[in-house]
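A.B. asks: First the structure, which I've put down as structure tokens, then a few questions once you've had a look.
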Amino acid sequence: MISYAELRENFVYLFGIEFALFLAVSADSLYRNDTLSAFNYFLALVWVYVVELKILRRFYIVKEKDLKKKFEVLDSEKKKGKRALALSISFLILLSSWGIIAFLTNRYGEYMRYVRSITLALPWFALVYFGWVVYLGYLKRKYVKFLMALVKKKKLVNHRNE
């Protein structure tokens, strides 16, 4: 079985490879004066990093042996996930408001393309965080059932010993 430290090290190497790939494709886009594509590559890289960090945290939660610490991590990750989901949805609503977009386009005509890119990317970020919060809720219910089974088994053992 692979340890969490080794798994984290593998993810760091993967992050490095992905960052090098991002730099290569972004530099190519910037060389062709296509800054919107470079910005889209940046949004994609951030999305991939978020997904991979959630996968890494999932492995950490599963590999953690101390049940108290496991529940603390589940609760803190669930709070962070809910905050990120609410922020993503709020930001999406704000950016998709035509008044704000019209203000940005009248003032900064070129930035309308970037606002569109962010508006198209944000639902994917919200979907990742929604899936993360749902998964954490499922995992917490699973561990609560496990603890209840342990408590019930312990009560049966104590009852028989009396």
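In the structure tokens, each chain is lettered A, B, ... as it comes, each chain's residues begin at 1, and ligands are numbered from 1 in order of appearance.
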Tell me which protein, DNA and RNA residues are within 12 Å of segment 75-77 of chain A, counting only C-alpha atoms, leaving out same-chain ones fewer than 5 positions away, and put them as number ranges by chain.

C.D. replies: A: 53-54, 57-58, 60-61, 68-70, 82-85, 129, 132-137, 139-141

A.B. asks: I want to know what sits within 6 Å of Ala38 of chain A, based on only C-alpha atoms, with residues of the same chain fewer than 3 positions away left out; could you give that as a JSON list (two decimals) with C-alpha atoms, in the first residue's frame?

C.D. replies:
[["chain", "number", "residue", "atom", "x", "y", "z"],
["A", 26, "SER", "CA", 0.61, 29.65, -22.88],
["A", 29, "SER", "CA", -0.45, 31.48, -27.41],
["A", 35, "THR", "CA", -3.96, 36.28, -24.82],
["A", 41, "TYR", "CA", -5.31, 27.67, -20.39]]

A.B. asks: Choose the residue, out of A:Ile101, A:Leu43, A:Ile55, A:Ala20, that has the smallest atom-to-atom separation from Arg8 of chain A; count only C-alpha atoms.

C.D. replies: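 Residue with the minimum atom-to-atom distance to Arg8 of chain A: A:Ile55.
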